[in-house]
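Okay, so here's the structure we're looking at.
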Amino acid sequence: MLIGEVARRSGVSARMLRHYESLGLVRPSGRTGSGYREYSGDDIRRIFHVESLRSLGLSLREIGRALDDPGFTPSSLVEGLIDRTRERIAAETELLTRLRGIRAAEPADWDDVLQVVALMQALASQSADARQRAALSSAGEIPVPVEALAEAVLRESDPNVAGALRWALARSGDRGPALLAKGLGSPRAAVRERAVRSLTEMPGPEATAHLQTALADADAVVRGVAALALGTRGVADAVPTLIDMIVEGRNDTEAADALSVLAGDTATADGLANGLLDRLADHSADAPARGRLTQALAGIPGTTASDALVELSADEDRAVALTAAYLLRLRDAR
């Protein structure tokens, strides 16, 4: 089959077929009496092999090695292609994010575009000072796009920079909670914690709803941060986690304070007191945990808490009894 017919049937141009020949990828097996290239059935099959490998993203040099080197295994070839494709996707995703950020900033001219790009590059800087300055400058005439701020919050490990980023994101409009919610699905607990800490600084029902979702997180720190914030917002769903924190000694003072905020009416206060008493009666609670639970009753108003302290003042654990008696004296003095 002559080169023109091969080009027509294969879809590979005659020029490309000559290029393949020059590289030694596909050499026509014969020549006609007039000197024209003549391709055999095996040659045509090799052309289709080349095109198939090109469609996977291999270079022509890699294709030649794959076809001619007996030691070139498909598994290593595919693994290399997967790695390169991931890198390309990551680069394209980063570019797409940057372009969306520039569009969201609604630049008026090229100077604005360059300023947004500079701010976004600063957020990705290796220098913590540069990242912090970029976050603090977000309140300027050309703000940092909210998408870029949210991504920066989720990856920031420096506490000072993280605080500045959370401040900036909380002032960037109402899209922050939805963007941070994506971080709650991260497989990394540190990312989920950053998302929750930022959500605690955002008002409104959407942020509250995402914090309630975080109460079911597998990581105790993430649950705790969410529960403390929800307690101060008056969300009763946080109560079980807050009591767990007191038992486990994780931010137990803050957890007790959050419970006292929740004890706004008699029915709620009695319910909280009973929840603490249930844990006090749990035989798995050790002595330090019982002491912390007793102390937590101090912030709960109402007769149920008072009666519990009276009973605990005679507890067989001397530390618990002394704590309860002291708290009773404070209540009587009010």
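Numbering starts fresh at 1 for the residues of each chain in the structure tokens, the chains themselves are lettered A, B, ... in the order given, and ligands are numbered from 1 as they appear.
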Would you mind listing what lies within 8 Å of range 71-81 of chain A as a ChimeraX atom specification, with only C-alpha atoms counted and same-chain residues fewer than 3 positions away left out?
-> /A:56-58,65-66,84-85
Hey, can you spit out that residue selection with C-alpha atoms as a PDB file, in the first residue's frame?
ATOM      1  CA  LEU A  56      -1.783   8.019  25.985  1.00  0.00           C
ATOM      2  CA  GLY A  57       0.593  10.958  26.022  1.00  0.00           C
ATOM      3  CA  LEU A  58       3.896   9.205  25.230  1.00  0.00           C
ATOM      4  CA  ARG A  65      11.460   2.328  23.157  1.00  0.00           C
ATOM      5  CA  ALA A  66       8.132   0.756  24.116  1.00  0.00           C
ATOM      6  CA  ARG A  84       2.817  12.765  34.633  1.00  0.00           C
ATOM      7  CA  THR A  85      -0.934  13.076  34.192  1.00  0.00           C
TER       8      THR A  85
END
Skipping near chain neighbours, those fewer than 4 positions away, what residues fall within 10 Å of Ala238 in chain A using only C-alpha atoms, listed as a PyMOL selection string?
-> chain A and resi 211-212+215+223-224+226-234+242-243+255+258-259+262
Residues as selected, N, CA, C and O atoms, written as a PDB file, in the first residue's frame, can you do that?
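Result file is result.pdb:
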ATOM      1  N   LEU A 211     -20.589  23.577  61.266  1.00  0.00           N
ATOM      2  CA  LEU A 211     -20.003  23.216  62.558  1.00  0.00           C
ATOM      3  C   LEU A 211     -20.745  22.033  63.173  1.00  0.00           C
ATOM      4  O   LEU A 211     -20.132  21.152  63.790  1.00  0.00           O
ATOM      5  N   GLN A 212     -22.056  21.990  62.991  1.00  0.00           N
ATOM      6  CA  GLN A 212     -22.825  20.845  63.493  1.00  0.00           C
ATOM      7  C   GLN A 212     -22.415  19.560  62.777  1.00  0.00           C
ATOM      8  O   GLN A 212     -22.334  18.488  63.391  1.00  0.00           O
ATOM      9  N   LEU A 215     -19.386  17.916  64.301  1.00  0.00           N
ATOM     10  CA  LEU A 215     -19.532  17.191  65.565  1.00  0.00           C
ATOM     11  C   LEU A 215     -19.407  15.678  65.372  1.00  0.00           C
ATOM     12  O   LEU A 215     -19.122  14.955  66.328  1.00  0.00           O
ATOM     13  N   ARG A 223     -13.886  17.726  66.568  1.00  0.00           N
ATOM     14  CA  ARG A 223     -15.174  17.736  67.274  1.00  0.00           C
ATOM     15  C   ARG A 223     -15.174  18.774  68.388  1.00  0.00           C
ATOM     16  O   ARG A 223     -16.160  19.497  68.587  1.00  0.00           O
ATOM     17  N   GLY A 224     -14.067  18.842  69.109  1.00  0.00           N
ATOM     18  CA  GLY A 224     -13.995  19.760  70.239  1.00  0.00           C
ATOM     19  C   GLY A 224     -14.074  21.217  69.827  1.00  0.00           C
ATOM     20  O   GLY A 224     -14.777  22.016  70.456  1.00  0.00           O
ATOM     21  N   ALA A 226     -15.441  22.428  67.166  1.00  0.00           N
ATOM     22  CA  ALA A 226     -16.817  22.688  66.721  1.00  0.00           C
ATOM     23  C   ALA A 226     -17.765  22.809  67.914  1.00  0.00           C
ATOM     24  O   ALA A 226     -18.620  23.703  67.952  1.00  0.00           O
ATOM     25  N   ALA A 227     -17.621  21.932  68.895  1.00  0.00           N
ATOM     26  CA  ALA A 227     -18.532  21.933  70.040  1.00  0.00           C
ATOM     27  C   ALA A 227     -18.401  23.213  70.859  1.00  0.00           C
ATOM     28  O   ALA A 227     -19.410  23.780  71.311  1.00  0.00           O
ATOM     29  N   LEU A 228     -17.183  23.684  71.081  1.00  0.00           N
ATOM     30  CA  LEU A 228     -16.997  24.915  71.847  1.00  0.00           C
ATOM     31  C   LEU A 228     -17.667  26.093  71.159  1.00  0.00           C
ATOM     32  O   LEU A 228     -18.313  26.925  71.799  1.00  0.00           O
ATOM     33  N   ALA A 229     -17.524  26.160  69.832  1.00  0.00           N
ATOM     34  CA  ALA A 229     -18.146  27.253  69.088  1.00  0.00           C
ATOM     35  C   ALA A 229     -19.661  27.148  69.133  1.00  0.00           C
ATOM     36  O   ALA A 229     -20.368  28.144  69.317  1.00  0.00           O
ATOM     37  N   LEU A 230     -20.173  25.932  68.974  1.00  0.00           N
ATOM     38  CA  LEU A 230     -21.625  25.749  68.970  1.00  0.00           C
ATOM     39  C   LEU A 230     -22.219  26.013  70.345  1.00  0.00           C
ATOM     40  O   LEU A 230     -23.344  26.527  70.460  1.00  0.00           O
ATOM     41  N   GLY A 231     -21.474  25.674  71.396  1.00  0.00           N
ATOM     42  CA  GLY A 231     -21.969  25.948  72.740  1.00  0.00           C
ATOM     43  C   GLY A 231     -22.186  27.426  72.970  1.00  0.00           C
ATOM     44  O   GLY A 231     -23.210  27.842  73.521  1.00  0.00           O
ATOM     45  N   THR A 232     -21.242  28.247  72.524  1.00  0.00           N
ATOM     46  CA  THR A 232     -21.386  29.699  72.684  1.00  0.00           C
ATOM     47  C   THR A 232     -22.486  30.255  71.790  1.00  0.00           C
ATOM     48  O   THR A 232     -22.981  31.360  72.036  1.00  0.00           O
ATOM     49  N   ARG A 233     -22.862  29.494  70.753  1.00  0.00           N
ATOM     50  CA  ARG A 233     -23.959  29.916  69.883  1.00  0.00           C
ATOM     51  C   ARG A 233     -25.309  29.376  70.352  1.00  0.00           C
ATOM     52  O   ARG A 233     -26.332  29.598  69.714  1.00  0.00           O
ATOM     53  N   GLY A 234     -25.294  28.659  71.469  1.00  0.00           N
ATOM     54  CA  GLY A 234     -26.544  28.159  72.020  1.00  0.00           C
ATOM     55  C   GLY A 234     -27.100  26.940  71.332  1.00  0.00           C
ATOM     56  O   GLY A 234     -28.304  26.679  71.404  1.00  0.00           O
ATOM     57  N   LEU A 242     -19.300  18.252  74.498  1.00  0.00           N
ATOM     58  CA  LEU A 242     -18.749  19.085  75.575  1.00  0.00           C
ATOM     59  C   LEU A 242     -18.551  18.266  76.847  1.00  0.00           C
ATOM     60  O   LEU A 242     -17.525  18.400  77.538  1.00  0.00           O
ATOM     61  N   ILE A 243     -19.502  17.410  77.162  1.00  0.00           N
ATOM     62  CA  ILE A 243     -19.359  16.559  78.354  1.00  0.00           C
ATOM     63  C   ILE A 243     -18.215  15.562  78.157  1.00  0.00           C
ATOM     64  O   ILE A 243     -17.435  15.299  79.086  1.00  0.00           O
ATOM     65  N   ALA A 255     -15.019  23.865  77.950  1.00  0.00           N
ATOM     66  CA  ALA A 255     -16.236  23.082  77.719  1.00  0.00           C
ATOM     67  C   ALA A 255     -17.272  23.357  78.808  1.00  0.00           C
ATOM     68  O   ALA A 255     -18.480  23.481  78.536  1.00  0.00           O
ATOM     69  N   ALA A 258     -18.868  26.624  78.153  1.00  0.00           N
ATOM     70  CA  ALA A 258     -19.853  26.530  77.070  1.00  0.00           C
ATOM     71  C   ALA A 258     -21.161  25.925  77.577  1.00  0.00           C
ATOM     72  O   ALA A 258     -22.250  26.362  77.194  1.00  0.00           O
ATOM     73  N   LEU A 259     -21.074  24.940  78.482  1.00  0.00           N
ATOM     74  CA  LEU A 259     -22.289  24.360  79.060  1.00  0.00           C
ATOM     75  C   LEU A 259     -23.055  25.399  79.869  1.00  0.00           C
ATOM     76  O   LEU A 259     -24.291  25.440  79.837  1.00  0.00           O
ATOM     77  N   LEU A 262     -25.093  27.470  77.684  1.00  0.00           N
ATOM     78  CA  LEU A 262     -26.273  26.758  77.192  1.00  0.00           C
ATOM     79  C   LEU A 262     -27.381  26.662  78.244  1.00  0.00           C
ATOM     80  O   LEU A 262     -28.549  26.477  77.903  1.00  0.00           O
TER      81      LEU A 262
END
Rounded to one decimal in Å, what is the spacing between CA of Arg192 in chain A and CA of Ser172 in chain A?
-> 20.4 Å
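The environment of Val12 in chain A within 12 Å, counting only C-alpha atoms and disregarding residues fewer than 3 places along the same chain, consists of Ile3, Gly4, Glu5, Val6, Ala7, Arg8, Arg9, Arg15, Met16, Leu17, Arg18, His19, Tyr20, Ile44, Ile47, Phe48, Val50, Glu51, Ser52 and Arg54 of chain A.
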A straight line from CA of Ala181 in chain A to CA of Ser198 in chain A spans 10.2 Å
So which residues touch Val191 in chain A within 12 Å, counting only C-alpha atoms, skipping near sequence neighbours fewer than 2 positions away, as a count of residues only?
-> 28
Would you mind reading off the distance between CA of Ser260 in chain A and CA of Ser284 in chain A, one decimal, in Å?
-> 24.5 Å
Write out as a list in words each polymer residue whose atoms come within 9 Å of range 37-43 of chain A, counting only C-alpha atoms; drop sequence neighbours fewer than 3 positions from it.
-> Met1, Leu2, Ile3, Val6, Val26, Arg27, Pro28, Ser29, Gly30, Arg31, Thr32, Arg46, Ile47 and Phe48 of chain A
File dump, residues just selected, N, CA and C atoms, as a PDB file, in the first residue's frame:
ATOM      1  N   MET A   1       0.848  -1.182   0.000  1.00  0.00           N
ATOM      2  CA  MET A   1       0.000   0.000   0.000  1.00  0.00           C
ATOM      3  C   MET A   1       0.894   1.246   0.000  1.00  0.00           C
ATOM      4  N   LEU A   2       0.624   2.176  -0.911  1.00  0.00           N
ATOM      5  CA  LEU A   2       1.430   3.373  -1.036  1.00  0.00           C
ATOM      6  C   LEU A   2       1.100   4.363   0.071  1.00  0.00           C
ATOM      7  N   ILE A   3       1.994   5.325   0.260  1.00  0.00           N
ATOM      8  CA  ILE A   3       1.898   6.227   1.400  1.00  0.00           C
ATOM      9  C   ILE A   3       0.600   7.042   1.396  1.00  0.00           C
ATOM     10  N   VAL A   6      -2.171   4.824   2.649  1.00  0.00           N
ATOM     11  CA  VAL A   6      -1.984   4.603   4.092  1.00  0.00           C
ATOM     12  C   VAL A   6      -2.450   5.820   4.873  1.00  0.00           C
ATOM     13  N   VAL A  26       8.479   3.824  12.083  1.00  0.00           N
ATOM     14  CA  VAL A  26       7.773   2.991  11.097  1.00  0.00           C
ATOM     15  C   VAL A  26       8.487   3.138   9.760  1.00  0.00           C
ATOM     16  N   ARG A  27       9.146   2.079   9.355  1.00  0.00           N
ATOM     17  CA  ARG A  27       9.824   2.098   8.059  1.00  0.00           C
ATOM     18  C   ARG A  27       9.030   1.225   7.086  1.00  0.00           C
ATOM     19  N   PRO A  28       8.680   1.757   5.923  1.00  0.00           N
ATOM     20  CA  PRO A  28       7.974   0.923   4.939  1.00  0.00           C
ATOM     21  C   PRO A  28       8.838  -0.261   4.536  1.00  0.00           C
ATOM     22  N   SER A  29       8.216  -1.404   4.435  1.00  0.00           N
ATOM     23  CA  SER A  29       8.962  -2.636   4.174  1.00  0.00           C
ATOM     24  C   SER A  29       9.524  -2.709   2.763  1.00  0.00           C
ATOM     25  N   GLY A  30       8.926  -1.984   1.835  1.00  0.00           N
ATOM     26  CA  GLY A  30       9.392  -2.115   0.466  1.00  0.00           C
ATOM     27  C   GLY A  30       9.270  -0.827  -0.331  1.00  0.00           C
ATOM     28  N   ARG A  31       9.701  -0.922  -1.570  1.00  0.00           N
ATOM     29  CA  ARG A  31       9.594   0.180  -2.535  1.00  0.00           C
ATOM     30  C   ARG A  31       9.041  -0.381  -3.841  1.00  0.00           C
ATOM     31  N   THR A  32       8.284   0.440  -4.524  1.00  0.00           N
ATOM     32  CA  THR A  32       7.803   0.027  -5.843  1.00  0.00           C
ATOM     33  C   THR A  32       8.933   0.157  -6.842  1.00  0.00           C
ATOM     34  N   ARG A  46       1.831  -1.415  12.868  1.00  0.00           N
ATOM     35  CA  ARG A  46       2.765  -0.653  13.703  1.00  0.00           C
ATOM     36  C   ARG A  46       2.351   0.826  13.750  1.00  0.00           C
ATOM     37  N   ILE A  47       1.873   1.350  12.631  1.00  0.00           N
ATOM     38  CA  ILE A  47       1.397   2.744  12.624  1.00  0.00           C
ATOM     39  C   ILE A  47       0.277   2.915  13.644  1.00  0.00           C
ATOM     40  N   PHE A  48      -0.663   1.961  13.664  1.00  0.00           N
ATOM     41  CA  PHE A  48      -1.760   2.060  14.626  1.00  0.00           C
ATOM     42  C   PHE A  48      -1.266   1.900  16.064  1.00  0.00           C
TER      43      PHE A  48
END
Which neighbours of Leu280 in chain A fall inside 12 Å, counting only C-alpha atoms, when residues of the same chain fewer than 6 positions from it are skipped, and could you give them as JSON, numbers by chain?
-> {"A": [243, 244, 246, 247, 273, 274, 286, 287, 288, 289, 290, 291, 292, 293, 294, 295, 296, 297, 308, 309, 311, 312, 315, 317, 320]}
Can you list, as a PDB file with C-alpha atoms, in the first residue's frame, all residues belonging to range 4-193 of chain A that DSSP tags as strand (DSSP E or B)?
ATOM      1  CA  GLY A  30       9.392  -2.115   0.466  1.00  0.00           C
ATOM      2  CA  ARG A  31       9.594   0.180  -2.535  1.00  0.00           C
ATOM      3  CA  ARG A  37       7.244   3.757  -0.348  1.00  0.00           C
ATOM      4  CA  GLU A  38       5.175   0.605   0.029  1.00  0.00           C
TER       5      GLU A  38
END
Run DSSP on the backbone and grab whatever in range 102-165 of chain A lands in alpha helix (DSSP H); send it over as a count of residues only.
-> 43
